[in-house]
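Okay, final.csv now, which holds CSV, C-alpha atoms:
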```csv
chain,number,residue,atom,x,y,z
D,1,MET,CA,0.0,0.0,0.0
D,2,ASN,CA,1.7,3.2,-1.2
D,3,SER,CA,1.7,6.1,1.3
D,4,THR,CA,1.5,8.6,-1.6
D,5,ASP,CA,-2.1,7.5,-2.3
D,6,MET,CA,-5.1,8.2,-0.2
D,7,ILE,CA,-4.9,5.7,2.7
D,8,ARG,CA,-8.4,4.7,3.9
D,9,ILE,CA,-8.6,3.3,7.4
D,10,CYS,CA,-11.7,1.7,8.8
D,11,ILE,CA,-12.5,2.9,12.3
D,12,LEU,CA,-14.6,0.3,14.2
D,13,GLN,CA,-16.2,2.0,17.2
D,14,GLY,CA,-17.0,0.0,20.4
D,15,ASP,CA,-18.4,0.1,23.9
D,16,GLN,CA,-17.8,1.8,27.2
D,17,THR,CA,-14.2,2.6,28.0
D,18,GLY,CA,-13.1,0.9,24.8
D,19,GLN,CA,-14.7,3.6,22.8
D,20,GLU,CA,-13.3,6.4,25.0
D,21,LEU,CA,-9.8,5.0,24.5
D,22,LEU,CA,-10.2,4.8,20.8
D,23,ASP,CA,-11.4,8.5,20.6
D,24,GLU,CA,-8.4,9.6,22.6
D,25,ALA,CA,-5.8,7.4,20.7
D,26,LEU,CA,-7.0,8.6,17.3
D,27,ARG,CA,-5.8,12.1,18.2
D,28,VAL,CA,-2.2,10.9,17.5
D,29,LEU,CA,-3.2,10.2,13.9
D,30,ASP,CA,-4.1,13.8,13.3
D,31,PRO,CA,-2.2,15.3,10.4
D,32,SER,CA,-1.0,18.1,12.7
D,33,VAL,CA,0.7,15.4,14.8
D,34,ILE,CA,2.2,13.0,12.2
D,35,GLY,CA,1.9,15.1,9.1
D,36,MET,CA,0.1,12.5,7.0
D,37,SER,CA,-2.7,14.4,5.4
D,38,GLN,CA,-3.5,11.5,3.1
D,39,LEU,CA,-5.2,9.5,5.9
D,40,ALA,CA,-8.9,9.1,5.4
D,41,PHE,CA,-11.2,7.5,8.0
D,42,GLU,CA,-14.4,5.5,7.5
D,43,THR,CA,-16.4,4.9,10.6
D,44,PHE,CA,-18.5,1.8,11.5
D,45,ASP,CA,-20.5,1.7,14.8
D,46,LEU,CA,-19.8,-1.7,16.3
D,47,SER,CA,-21.4,-0.9,19.7
D,48,LEU,CA,-23.5,-3.7,21.2
D,49,GLU,CA,-26.6,-1.6,20.6
D,50,ASN,CA,-26.0,-1.1,16.9
D,51,ARG,CA,-24.9,-4.7,16.4
D,52,GLY,CA,-28.2,-5.8,17.9
D,53,ARG,CA,-30.2,-3.3,15.9
D,54,THR,CA,-28.6,-4.4,12.6
D,55,LYS,CA,-28.4,-8.1,13.5
D,56,ASN,CA,-24.6,-7.9,12.9
D,57,GLU,CA,-25.0,-6.4,9.4
D,58,VAL,CA,-22.7,-3.5,10.5
D,59,VAL,CA,-20.0,-6.0,11.3
D,60,ARG,CA,-20.3,-7.6,7.8
D,61,GLU,CA,-20.2,-4.1,6.2
D,62,ALA,CA,-17.1,-3.2,8.1
D,63,ALA,CA,-15.4,-6.5,7.3
D,64,ALA,CA,-16.2,-6.1,3.6
D,65,ARG,CA,-14.6,-2.6,3.6
D,66,ILE,CA,-11.5,-3.8,5.5
D,67,LEU,CA,-10.9,-6.4,2.8
D,68,GLU,CA,-10.9,-3.5,0.3
D,69,THR,CA,-8.7,-1.1,2.2
D,70,GLY,CA,-6.5,-3.6,4.0
D,71,LEU,CA,-6.5,-1.5,7.2
D,72,GLY,CA,-8.7,-1.2,10.3
D,73,ILE,CA,-8.5,-0.2,13.9
D,74,LYS,CA,-11.0,-1.4,16.4
D,75,ALA,CA,-12.2,-0.4,19.9
D,76,ALA,CA,-13.0,-3.0,22.6
D,77,THR,CA,-16.6,-4.2,22.3
D,78,ILE,CA,-19.0,-6.1,24.6
D,79,THR,CA,-19.6,-9.7,23.9
D,80,PRO,CA,-23.1,-10.6,25.4
D,81,GLY,CA,-23.3,-13.7,27.6
D,82,ASP,CA,-26.5,-14.9,26.0
D,83,PRO,CA,-25.6,-17.4,23.2
D,84,ASP,CA,-28.7,-16.4,21.3
D,85,ASP,CA,-27.6,-12.7,21.2
D,86,VAL,CA,-25.3,-11.1,18.5
D,87,GLY,CA,-22.2,-12.9,19.8
D,88,SER,CA,-18.6,-11.8,19.5
D,89,PRO,CA,-17.8,-9.2,16.8
D,90,ASN,CA,-14.1,-10.3,17.1
D,91,ALA,CA,-14.8,-13.8,16.0
D,92,LEU,CA,-17.1,-12.8,13.2
D,93,LEU,CA,-14.6,-10.1,11.9
D,94,ARG,CA,-11.7,-12.5,11.9
D,95,GLU,CA,-13.7,-15.0,9.9
D,96,LEU,CA,-15.0,-12.4,7.4
D,97,VAL,CA,-11.5,-10.7,6.8
D,98,ASP,CA,-9.8,-14.1,6.5
D,99,GLY,CA,-7.8,-13.2,9.6
D,100,SER,CA,-5.8,-16.3,10.6
D,101,VAL,CA,-3.2,-14.8,13.0
D,102,VAL,CA,-3.3,-12.5,16.1
D,103,LEU,CA,0.0,-11.0,17.0
D,104,ARG,CA,0.5,-9.6,20.5
D,105,THR,CA,4.0,-8.6,21.8
D,106,GLY,CA,4.9,-8.1,25.4
D,107,ARG,CA,7.8,-5.7,25.6
D,108,ARG,CA,9.6,-3.9,28.4
D,109,ILE,CA,8.1,-0.6,29.4
D,110,PRO,CA,10.8,1.9,30.4
D,111,SER,CA,10.8,2.5,34.2
D,112,VAL,CA,8.3,-0.3,34.8
D,113,MET,CA,9.7,-3.4,36.5
D,114,PRO,CA,8.7,-6.6,34.6
D,115,LEU,CA,7.9,-9.8,36.4
D,116,ALA,CA,10.3,-12.7,36.7
D,117,GLY,CA,13.2,-10.6,35.3
D,118,VAL,CA,12.0,-10.8,31.7
D,119,HIS,CA,13.7,-8.2,29.5
D,120,ALA,CA,13.6,-9.1,25.8
D,121,PRO,CA,10.3,-8.9,23.8
D,122,ILE,CA,8.0,-12.0,23.8
D,123,ALA,CA,5.6,-12.2,20.8
D,124,VAL,CA,2.7,-14.5,20.9
D,125,VAL,CA,1.4,-15.6,17.4
D,126,ARG,CA,-2.1,-16.9,18.1
D,127,MET,CA,-4.3,-18.8,15.7
D,128,ALA,CA,-7.1,-16.3,15.2
D,129,VAL,CA,-9.8,-18.7,14.1
D,130,GLU,CA,-11.0,-22.3,14.5
D,131,GLY,CA,-10.1,-24.3,17.6
D,132,ALA,CA,-12.1,-24.0,20.8
D,133,TYR,CA,-13.7,-20.7,19.8
D,134,ALA,CA,-15.3,-22.2,16.7
D,135,ALA,CA,-16.3,-25.5,18.3
D,136,GLU,CA,-19.8,-27.0,18.1
D,137,GLU,CA,-21.1,-27.8,21.6
D,138,TRP,CA,-24.0,-29.9,22.9
D,139,ARG,CA,-25.1,-31.9,25.9
D,140,GLU,CA,-26.8,-35.3,26.2
D,141,GLY,CA,-28.4,-37.1,29.1
D,142,GLU,CA,-29.6,-36.0,32.5
D,143,GLY,CA,-28.4,-35.6,36.1
D,144,LEU,CA,-25.0,-37.1,36.8
D,145,ASP,CA,-25.2,-39.0,33.6
D,146,GLU,CA,-25.3,-35.7,31.6
D,147,VAL,CA,-22.4,-35.4,29.1
D,148,ALA,CA,-21.1,-32.2,27.5
D,149,TYR,CA,-19.5,-32.5,24.1
D,150,ASN,CA,-17.2,-30.2,22.2
D,151,LYS,CA,-16.3,-30.7,18.6
D,152,ARG,CA,-13.3,-28.6,17.5
D,153,PHE,CA,-11.4,-28.4,14.3
D,154,ILE,CA,-8.4,-26.7,12.7
D,155,THR,CA,-7.4,-26.6,9.1
D,156,ARG,CA,-4.0,-27.2,7.6
D,157,ARG,CA,-4.2,-23.9,5.8
D,158,THR,CA,-4.6,-22.0,9.0
D,159,CYS,CA,-1.9,-24.0,10.7
D,160,ARG,CA,0.5,-23.2,7.8
D,161,ALA,CA,-0.4,-19.5,8.0
D,162,VAL,CA,0.4,-19.3,11.7
D,163,ALA,CA,3.6,-21.3,11.3
D,164,GLU,CA,4.9,-19.4,8.3
D,165,PHE,CA,4.1,-16.0,9.9
D,166,THR,CA,5.8,-17.1,13.1
D,167,PHE,CA,9.1,-18.0,11.4
D,168,ARG,CA,9.0,-14.9,9.1
D,169,TYR,CA,8.4,-12.7,12.1
D,170,ALA,CA,11.1,-14.4,14.1
D,171,ALA,CA,13.6,-14.0,11.3
D,172,ALA,CA,12.8,-10.3,10.9
D,173,HIS,CA,13.2,-9.7,14.7
D,174,HIS,CA,16.2,-12.0,15.3
D,175,ALA,CA,14.1,-14.0,17.7
D,176,THR,CA,13.8,-17.7,18.7
D,177,VAL,CA,10.6,-19.6,17.9
D,178,PHE,CA,9.7,-21.1,21.2
D,179,GLY,CA,6.9,-23.3,22.5
D,180,GLY,CA,4.1,-25.0,20.6
D,181,PRO,CA,1.1,-27.3,21.0
D,182,LYS,CA,0.7,-30.3,23.3
D,183,TYR,CA,0.8,-32.7,20.4
D,184,THR,CA,1.8,-35.6,22.7
D,185,VAL,CA,-1.8,-35.7,24.1
D,186,SER,CA,-3.5,-34.8,20.8
D,187,PRO,CA,-1.3,-36.2,18.0
D,188,ILE,CA,-4.0,-35.9,15.4
D,189,TYR,CA,-5.6,-32.6,16.2
D,190,GLU,CA,-2.7,-30.6,17.7
D,191,GLY,CA,-0.2,-32.8,15.8
D,192,MET,CA,-1.3,-31.1,12.6
D,193,PHE,CA,-0.1,-27.7,14.0
D,194,LYS,CA,3.2,-29.3,15.1
D,195,GLU,CA,3.7,-30.7,11.6
D,196,GLU,CA,3.4,-27.3,10.1
D,197,LEU,CA,5.7,-25.7,12.6
D,198,ASP,CA,8.3,-28.3,11.9
D,199,ARG,CA,7.8,-27.8,8.1
D,200,ALA,CA,8.3,-24.0,8.5
D,201,ALA,CA,11.5,-24.7,10.6
D,202,ARG,CA,12.9,-26.7,7.7
D,203,SER,CA,12.2,-23.8,5.4
D,204,HIS,CA,13.7,-21.2,7.7
D,205,ARG,CA,16.9,-22.8,8.9
D,206,ASP,CA,18.3,-19.4,9.8
D,207,VAL,CA,15.8,-19.1,12.6
D,208,ARG,CA,16.5,-20.9,16.0
D,209,TYR,CA,13.7,-23.3,16.8
D,210,ASP,CA,13.1,-24.5,20.4
D,211,PRO,CA,9.8,-26.5,20.4
D,212,GLN,CA,8.2,-27.0,23.8
D,213,LEU,CA,4.8,-28.4,24.9
D,214,ILE,CA,2.4,-25.6,25.9
D,215,ASP,CA,2.6,-26.5,29.7
D,216,ALA,CA,6.4,-26.4,29.6
D,217,THR,CA,6.2,-23.1,27.7
D,218,TYR,CA,4.3,-21.5,30.6
D,219,ALA,CA,6.8,-22.8,33.2
D,220,LEU,CA,9.9,-21.9,31.2
D,221,LEU,CA,8.6,-18.3,30.6
D,222,LEU,CA,9.4,-17.7,34.3
D,223,GLU,CA,13.0,-18.4,33.6
D,224,THR,CA,13.6,-16.5,30.4
D,225,HIS,CA,15.0,-13.0,30.4
D,226,GLY,CA,17.5,-12.1,27.7
D,227,GLU,CA,16.3,-13.7,24.5
D,228,ALA,CA,13.6,-12.4,22.2
D,229,LEU,CA,11.0,-15.1,21.7
D,230,VAL,CA,8.1,-15.8,19.3
D,231,ILE,CA,5.6,-18.3,20.6
D,232,PRO,CA,3.1,-19.9,18.2
D,233,ALA,CA,-0.1,-21.1,19.8
D,234,LEU,CA,-3.6,-22.5,19.1
D,235,ASN,CA,-6.5,-20.1,19.5
D,236,ARG,CA,-7.4,-20.5,23.2
D,237,ASP,CA,-3.8,-21.3,24.2
D,238,GLY,CA,-2.7,-18.1,22.5
D,239,ASP,CA,-5.5,-16.1,24.1
D,240,ASN,CA,-4.5,-17.2,27.6
D,241,LEU,CA,-0.8,-17.0,26.9
D,242,SER,CA,-0.8,-13.5,25.4
D,243,ASP,CA,-2.6,-12.0,28.4
D,244,LEU,CA,0.0,-13.5,30.7
D,245,VAL,CA,2.9,-12.4,28.6
D,246,ILE,CA,1.7,-8.8,28.3
D,247,LYS,CA,1.0,-8.6,32.0
D,248,MET,CA,4.4,-9.9,32.8
D,249,PHE,CA,5.8,-6.6,31.4
D,250,GLY,CA,3.5,-4.5,33.7
D,251,THR,CA,0.0,-4.0,32.3
D,252,ILE,CA,-2.5,-5.6,30.0
D,253,ALA,CA,-2.8,-2.1,28.5
D,254,GLY,CA,0.9,-2.0,27.5
D,255,ALA,CA,0.8,-3.7,24.1
D,256,GLU,CA,-1.2,-3.7,20.9
D,257,SER,CA,-3.0,-6.6,19.2
D,258,ILE,CA,-3.0,-7.1,15.5
D,259,VAL,CA,-5.2,-9.4,13.4
D,260,PHE,CA,-3.5,-10.4,10.1
D,261,GLY,CA,-5.1,-11.8,6.9
D,262,PHE,CA,-2.9,-13.2,4.2
D,263,ASP,CA,-2.9,-13.8,0.4
D,264,GLU,CA,-2.1,-17.2,-1.1
D,265,ASP,CA,1.6,-16.7,-0.6
D,266,PHE,CA,1.0,-15.8,3.1
D,267,ASN,CA,1.9,-12.2,2.6
D,268,VAL,CA,-0.1,-9.7,4.7
D,269,LYS,CA,-3.2,-8.3,2.9
D,270,VAL,CA,-5.2,-7.2,5.9
D,271,ALA,CA,-4.1,-5.6,9.2
D,272,LEU,CA,-6.8,-4.9,11.9
D,273,THR,CA,-5.3,-3.4,15.1
D,274,GLU,CA,-6.8,-3.1,18.5
D,275,ALA,CA,-6.1,-3.2,22.2
D,276,PRO,CA,-6.0,-6.7,23.8
D,277,HIS,CA,-8.0,-5.6,26.8
D,278,GLY,CA,-11.8,-5.4,27.3
D,279,THR,CA,-14.3,-2.5,27.7
D,280,ALA,CA,-13.5,-1.9,31.4
D,281,PRO,CA,-16.9,-0.6,32.4
D,282,SER,CA,-15.8,0.3,35.9
D,283,LEU,CA,-13.4,2.9,34.4
D,284,GLN,CA,-16.0,4.4,32.0
D,285,GLY,CA,-16.2,8.2,32.3
D,286,LYS,CA,-13.4,8.5,34.8
D,287,ASN,CA,-10.6,9.5,32.3
D,288,ILE,CA,-8.1,7.3,34.1
D,289,ALA,CA,-7.8,4.2,31.8
D,290,ASN,CA,-4.4,3.6,30.2
D,291,PRO,CA,-4.6,4.4,26.4
D,292,MET,CA,-1.2,3.0,25.7
D,293,ALA,CA,-2.4,-0.2,23.9
D,294,MET,CA,-4.8,1.8,21.7
D,295,ILE,CA,-2.0,4.3,20.9
D,296,LEU,CA,0.3,1.5,19.9
D,297,ALA,CA,-2.5,0.1,17.8
D,298,CYS,CA,-2.4,3.3,15.8
D,299,GLY,CA,1.4,3.0,15.4
D,300,ALA,CA,1.0,-0.7,14.4
D,301,LEU,CA,-1.5,0.3,11.7
D,302,LEU,CA,1.0,2.6,10.1
D,303,ARG,CA,3.6,-0.2,10.0
D,304,ASN,CA,1.4,-1.8,7.4
D,305,VAL,CA,1.5,1.2,5.1
D,306,GLU,CA,4.4,1.4,2.6
D,307,GLY,CA,6.6,4.4,2.5
D,308,LYS,CA,9.1,6.3,4.6
D,309,GLU,CA,6.6,8.8,5.9
D,310,ALA,CA,4.4,6.1,7.4
D,311,ALA,CA,7.4,4.3,8.9
D,312,LEU,CA,8.7,7.4,10.6
D,313,ALA,CA,5.2,8.3,11.9
D,314,SER,CA,4.8,4.7,13.3
D,315,ARG,CA,8.2,4.9,15.0
D,316,ALA,CA,7.4,8.3,16.5
D,317,ILE,CA,4.2,6.9,18.0
D,318,TYR,CA,5.8,3.8,19.5
D,319,GLU,CA,8.8,5.7,20.9
D,320,SER,CA,6.6,8.5,22.3
D,321,ALA,CA,4.2,6.2,24.1
D,322,LEU,CA,7.2,4.4,25.8
D,323,GLU,CA,9.0,7.6,26.5
D,324,ALA,CA,6.0,9.2,28.1
D,325,VAL,CA,6.1,6.4,30.7
D,326,TYR,CA,9.8,6.8,31.1
D,327,ASN,CA,9.4,10.5,31.7
D,328,GLY,CA,6.9,9.8,34.6
D,329,VAL,CA,3.6,10.4,32.8
D,330,LYS,CA,1.9,7.3,34.0
D,331,THR,CA,-1.8,6.3,34.4
D,332,PRO,CA,-2.9,4.7,37.7
D,333,ASP,CA,-2.4,1.1,36.6
D,334,LEU,CA,1.3,1.9,36.3
D,335,GLY,CA,1.5,3.7,39.7
D,336,GLY,CA,1.0,7.2,38.3
D,337,GLN,CA,-1.6,9.9,38.5
D,338,ALA,CA,-1.9,11.0,34.9
D,339,SER,CA,-5.3,11.0,33.3
D,340,THR,CA,-6.0,9.3,29.9
D,341,THR,CA,-6.1,12.7,28.2
D,342,GLU,CA,-2.9,13.9,29.9
D,343,PHE,CA,-1.0,10.7,28.7
D,344,VAL,CA,-2.2,11.2,25.1
D,345,ASP,CA,-1.3,14.9,25.3
D,346,GLU,CA,2.3,13.9,26.3
D,347,VAL,CA,2.5,11.3,23.5
D,348,ILE,CA,1.4,13.9,20.9
D,349,ARG,CA,3.9,16.5,22.2
D,350,GLU,CA,6.7,13.9,22.0
D,351,ALA,CA,5.7,12.7,18.6
D,352,ARG,CA,5.5,16.1,17.1
D,353,GLY,CA,9.0,16.9,18.5
D,354,LYS,CA,10.5,13.7,17.2
D,355,LEU,CA,9.2,14.1,13.7
D,356,ASP,CA,10.3,17.8,13.6
D,357,VAL,CA,13.8,16.9,14.8
D,358,TRP,CA,14.1,14.0,12.4
D,359,ASP,CA,13.1,16.3,9.5
D,360,ALA,CA,15.7,18.8,10.5
D,361,LEU,CA,18.3,16.1,10.5
D,362,GLY,CA,17.2,15.0,7.0
D,363,GLU,CA,15.9,11.6,8.2
```
Target format structure tokens, applied to this file:
Amino acid sequence: MNSTDMIRICILQGDQTGQELLDEALRVLDPSVIGMSQLAFETFDLSLENRGRTKNEVVREAAARILETGLGIKAATITPGDPDDVGSPNALLRELVDGSVVLRTGRRIPSVMPLAGVHAPIAVVRMAVEGAYAAEEWREGEGLDEVAYNKRFITRRTCRAVAEFTFRYAAAHHATVFGGPKYTVSPIYEGMFKEELDRAARSHRDVRYDPQLIDATYALLLETHGEALVIPALNRDGDNLSDLVIKMFGTIAGAESIVFGFDEDFNVKVALTEAPHGTAPSLQGKNIANPMAMILACGALLRNVEGKEAALASRAIYESALEAVYNGVKTPDLGGQASTTEFVDEVIREARGKLDVWDALGE
């Protein structure tokens, strides 16, 4: 996607604090901050109320447009507990945009002490579809003889997409591919994923491959500290693992989440970014929630736009969000007293300054 053309970004509005954080974070994409006047935003209301009113048609419209533009950013949304309600927009979106990978990277936040001494980044490459979250479920029998059934499936195409992305990402970031499924217990189901990881390892011999069962992966994470890791995981394993990894570095609001869709050669064709946390209803209207993940989601979006201007803007956003914390501008979850708005204001100030200095230096 060439940054000299009009760059159309789909904005997927959400619920409660999720929407408040999206509104705040989008301020960093203003042309007065990053200088990219060619950004154009198309908004879709994915609030629970509108999803219910349209019977999820708004989700389908948003997904169709994301497939055309290749770019989207989403606020956190409510998933109703009633199985007969509209369900999760995340699952539907991933299916409709052919999103097969979710990437979440825990990284050290300057001045914030990580747990267990972890230091280098840990990226979790999660299968975005299929598995436990696409399983058919039912029950039979009564009383203590009642049996609950769960019929899961994964496809080789999705396994290959996750495996190939994992090794390409590890190669680009000089990281070790670490972990994997518990194929010893499930040699047919999880074994398919292991086969694709092994296949990718043979194709990317320059990448260090240290396969582990998922339970050993959790245990060994408490011993790692100096080596960048990329951990491939099945859908539910990756959901659990990514929350743990991000929290190990200080806060669930400290990293972005990216859904990737690929072409037939497993090159990225769709990037949908978001925060990995939920709607935080208890924080709604208080202006104290940490907007860092949503800000980084804005920076991640620009990483998927070709051209030097987008690359510099993305770098400025990432660096400014981390430097704001380093400079003591912290929201309460990180032990500070800054409001959501104050944190975003600091990021904007830092980003403007960086881009101006880099321009003066001819970068």
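Between Lys286 in chain D and the residues D:Ile66, D:Leu272, D:Ala338, D:Leu222, the shortest atom-to-atom distance, using all atoms listed in the file, involves D:Ala338.
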Query - d(CA of Val259 in chain D, CA of Ala128 in chain D) in Å - result: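 Rounded to one decimal, the two atoms are 7.4 Å apart.
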A straight line from CA of Pro181 in chain D to CA of Phe153 in chain D spans 14.2 Å
List as a PDB file with C-alpha atoms, in the frame of the given file the protein and nucleic acid residues near Glu346 in chain D, meaning an atom at most 9 Å away when all atoms listed in the file are counted, but skip any in the same chain fewer than 5 places from it.
```
ATOM      1  CA  SER D 320       6.600   8.500  22.300  1.00  0.00           C
ATOM      2  CA  ALA D 321       4.200   6.200  24.100  1.00  0.00           C
ATOM      3  CA  ALA D 324       6.000   9.200  28.100  1.00  0.00           C
ATOM      4  CA  VAL D 329       3.600  10.400  32.800  1.00  0.00           C
ATOM      5  CA  THR D 341      -6.100  12.700  28.200  1.00  0.00           C
ATOM      6  CA  ALA D 351       5.700  12.700  18.600  1.00  0.00           C
TER       7      ALA D 351
END
```
A straight line from CA of Ala271 in chain D to CA of Lys330 in chain D spans 28.6 Å
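By chain and then residue number, the residues within 9 Å of Ile109 in chain D are Met113, Pro114, Phe249, Gly250, Gly254, Leu322, Glu323, Val325 and Tyr326 of chain D, counting only C-alpha atoms and disregarding those fewer than 4 positions away in sequence.
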Can you put all heavy atoms back into range 153-161 of chain D and show it as a PDB file, keeping the file's coordinate frame?
```
ATOM      1  N   PHE D 153     -12.164 -28.060  15.477  1.00  0.00           N
ATOM      2  CA  PHE D 153     -11.400 -28.400  14.300  1.00  0.00           C
ATOM      3  C   PHE D 153     -10.402 -27.315  13.982  1.00  0.00           C
ATOM      4  O   PHE D 153     -10.546 -26.165  14.406  1.00  0.00           O
ATOM      5  CB  PHE D 153     -12.388 -28.524  13.058  1.00  0.00           C
ATOM      6  CG  PHE D 153     -12.911 -27.202  12.556  1.00  0.00           C
ATOM      7  CD1 PHE D 153     -12.266 -26.502  11.543  1.00  0.00           C
ATOM      8  CD2 PHE D 153     -14.048 -26.641  13.123  1.00  0.00           C
ATOM      9  CE1 PHE D 153     -12.741 -25.277  11.098  1.00  0.00           C
ATOM     10  CE2 PHE D 153     -14.532 -25.421  12.683  1.00  0.00           C
ATOM     11  CZ  PHE D 153     -13.877 -24.734  11.661  1.00  0.00           C
ATOM     12  N   ILE D 154      -9.342 -27.692  13.317  1.00  0.00           N
ATOM     13  CA  ILE D 154      -8.400 -26.700  12.700  1.00  0.00           C
ATOM     14  C   ILE D 154      -8.077 -27.213  11.337  1.00  0.00           C
ATOM     15  O   ILE D 154      -8.180 -28.400  11.030  1.00  0.00           O
ATOM     16  CB  ILE D 154      -7.073 -26.637  13.574  1.00  0.00           C
ATOM     17  CG1 ILE D 154      -6.459 -28.017  13.806  1.00  0.00           C
ATOM     18  CG2 ILE D 154      -7.305 -25.917  14.882  1.00  0.00           C
ATOM     19  CD1 ILE D 154      -5.108 -27.986  14.511  1.00  0.00           C
ATOM     20  N   THR D 155      -7.709 -26.281  10.477  1.00  0.00           N
ATOM     21  CA  THR D 155      -7.400 -26.600   9.100  1.00  0.00           C
ATOM     22  C   THR D 155      -5.879 -26.508   8.869  1.00  0.00           C
ATOM     23  O   THR D 155      -5.193 -25.728   9.532  1.00  0.00           O
ATOM     24  CB  THR D 155      -8.108 -25.720   8.104  1.00  0.00           C
ATOM     25  OG1 THR D 155      -7.666 -24.364   8.291  1.00  0.00           O
ATOM     26  CG2 THR D 155      -9.626 -25.780   8.299  1.00  0.00           C
ATOM     27  N   ARG D 156      -5.384 -27.281   7.924  1.00  0.00           N
ATOM     28  CA  ARG D 156      -4.000 -27.200   7.600  1.00  0.00           C
ATOM     29  C   ARG D 156      -3.589 -25.823   7.070  1.00  0.00           C
ATOM     30  O   ARG D 156      -2.498 -25.310   7.337  1.00  0.00           O
ATOM     31  CB  ARG D 156      -3.555 -28.300   6.636  1.00  0.00           C
ATOM     32  CG  ARG D 156      -2.034 -28.390   6.439  1.00  0.00           C
ATOM     33  CD  ARG D 156      -1.609 -29.641   5.714  1.00  0.00           C
ATOM     34  NE  ARG D 156      -1.827 -30.869   6.473  1.00  0.00           N
ATOM     35  CZ  ARG D 156      -0.998 -31.308   7.410  1.00  0.00           C
ATOM     36  NH1 ARG D 156       0.096 -30.621   7.731  1.00  0.00           N
ATOM     37  NH2 ARG D 156      -1.246 -32.445   8.031  1.00  0.00           N
ATOM     38  N   ARG D 157      -4.488 -25.215   6.314  1.00  0.00           N
ATOM     39  CA  ARG D 157      -4.200 -23.900   5.800  1.00  0.00           C
ATOM     40  C   ARG D 157      -3.943 -22.877   6.885  1.00  0.00           C
ATOM     41  O   ARG D 157      -2.997 -22.086   6.844  1.00  0.00           O
ATOM     42  CB  ARG D 157      -5.340 -23.409   4.878  1.00  0.00           C
ATOM     43  CG  ARG D 157      -5.127 -22.007   4.290  1.00  0.00           C
ATOM     44  CD  ARG D 157      -6.270 -21.607   3.385  1.00  0.00           C
ATOM     45  NE  ARG D 157      -6.332 -22.463   2.210  1.00  0.00           N
ATOM     46  CZ  ARG D 157      -5.590 -22.279   1.120  1.00  0.00           C
ATOM     47  NH1 ARG D 157      -4.719 -21.283   1.056  1.00  0.00           N
ATOM     48  NH2 ARG D 157      -5.709 -23.090   0.101  1.00  0.00           N
ATOM     49  N   THR D 158      -4.805 -22.894   7.918  1.00  0.00           N
ATOM     50  CA  THR D 158      -4.600 -22.000   9.000  1.00  0.00           C
ATOM     51  C   THR D 158      -3.353 -22.305   9.810  1.00  0.00           C
ATOM     52  O   THR D 158      -2.593 -21.411  10.201  1.00  0.00           O
ATOM     53  CB  THR D 158      -5.836 -21.999   9.964  1.00  0.00           C
ATOM     54  OG1 THR D 158      -6.999 -21.593   9.230  1.00  0.00           O
ATOM     55  CG2 THR D 158      -5.649 -21.053  11.137  1.00  0.00           C
ATOM     56  N   CYS D 159      -3.107 -23.586  10.033  1.00  0.00           N
ATOM     57  CA  CYS D 159      -1.900 -24.000  10.700  1.00  0.00           C
ATOM     58  C   CYS D 159      -0.638 -23.498   9.955  1.00  0.00           C
ATOM     59  O   CYS D 159       0.328 -23.015  10.550  1.00  0.00           O
ATOM     60  CB  CYS D 159      -1.817 -25.509  10.857  1.00  0.00           C
ATOM     61  SG  CYS D 159      -2.999 -26.202  12.018  1.00  0.00           S
ATOM     62  N   ARG D 160      -0.692 -23.602   8.634  1.00  0.00           N
ATOM     63  CA  ARG D 160       0.500 -23.200   7.800  1.00  0.00           C
ATOM     64  C   ARG D 160       0.616 -21.650   7.892  1.00  0.00           C
ATOM     65  O   ARG D 160       1.744 -21.137   7.953  1.00  0.00           O
ATOM     66  CB  ARG D 160       0.322 -23.635   6.390  1.00  0.00           C
ATOM     67  CG  ARG D 160       1.549 -23.276   5.535  1.00  0.00           C
ATOM     68  CD  ARG D 160       1.620 -24.090   4.264  1.00  0.00           C
ATOM     69  NE  ARG D 160       1.731 -25.522   4.557  1.00  0.00           N
ATOM     70  CZ  ARG D 160       1.850 -26.461   3.617  1.00  0.00           C
ATOM     71  NH1 ARG D 160       1.876 -26.122   2.332  1.00  0.00           N
ATOM     72  NH2 ARG D 160       1.948 -27.734   3.950  1.00  0.00           N
ATOM     73  N   ALA D 161      -0.499 -20.916   7.878  1.00  0.00           N
ATOM     74  CA  ALA D 161      -0.400 -19.500   8.000  1.00  0.00           C
ATOM     75  C   ALA D 161       0.232 -19.032   9.268  1.00  0.00           C
ATOM     76  O   ALA D 161       1.105 -18.149   9.282  1.00  0.00           O
ATOM     77  CB  ALA D 161      -1.819 -18.855   7.836  1.00  0.00           C
TER      78      ALA D 161
END
```
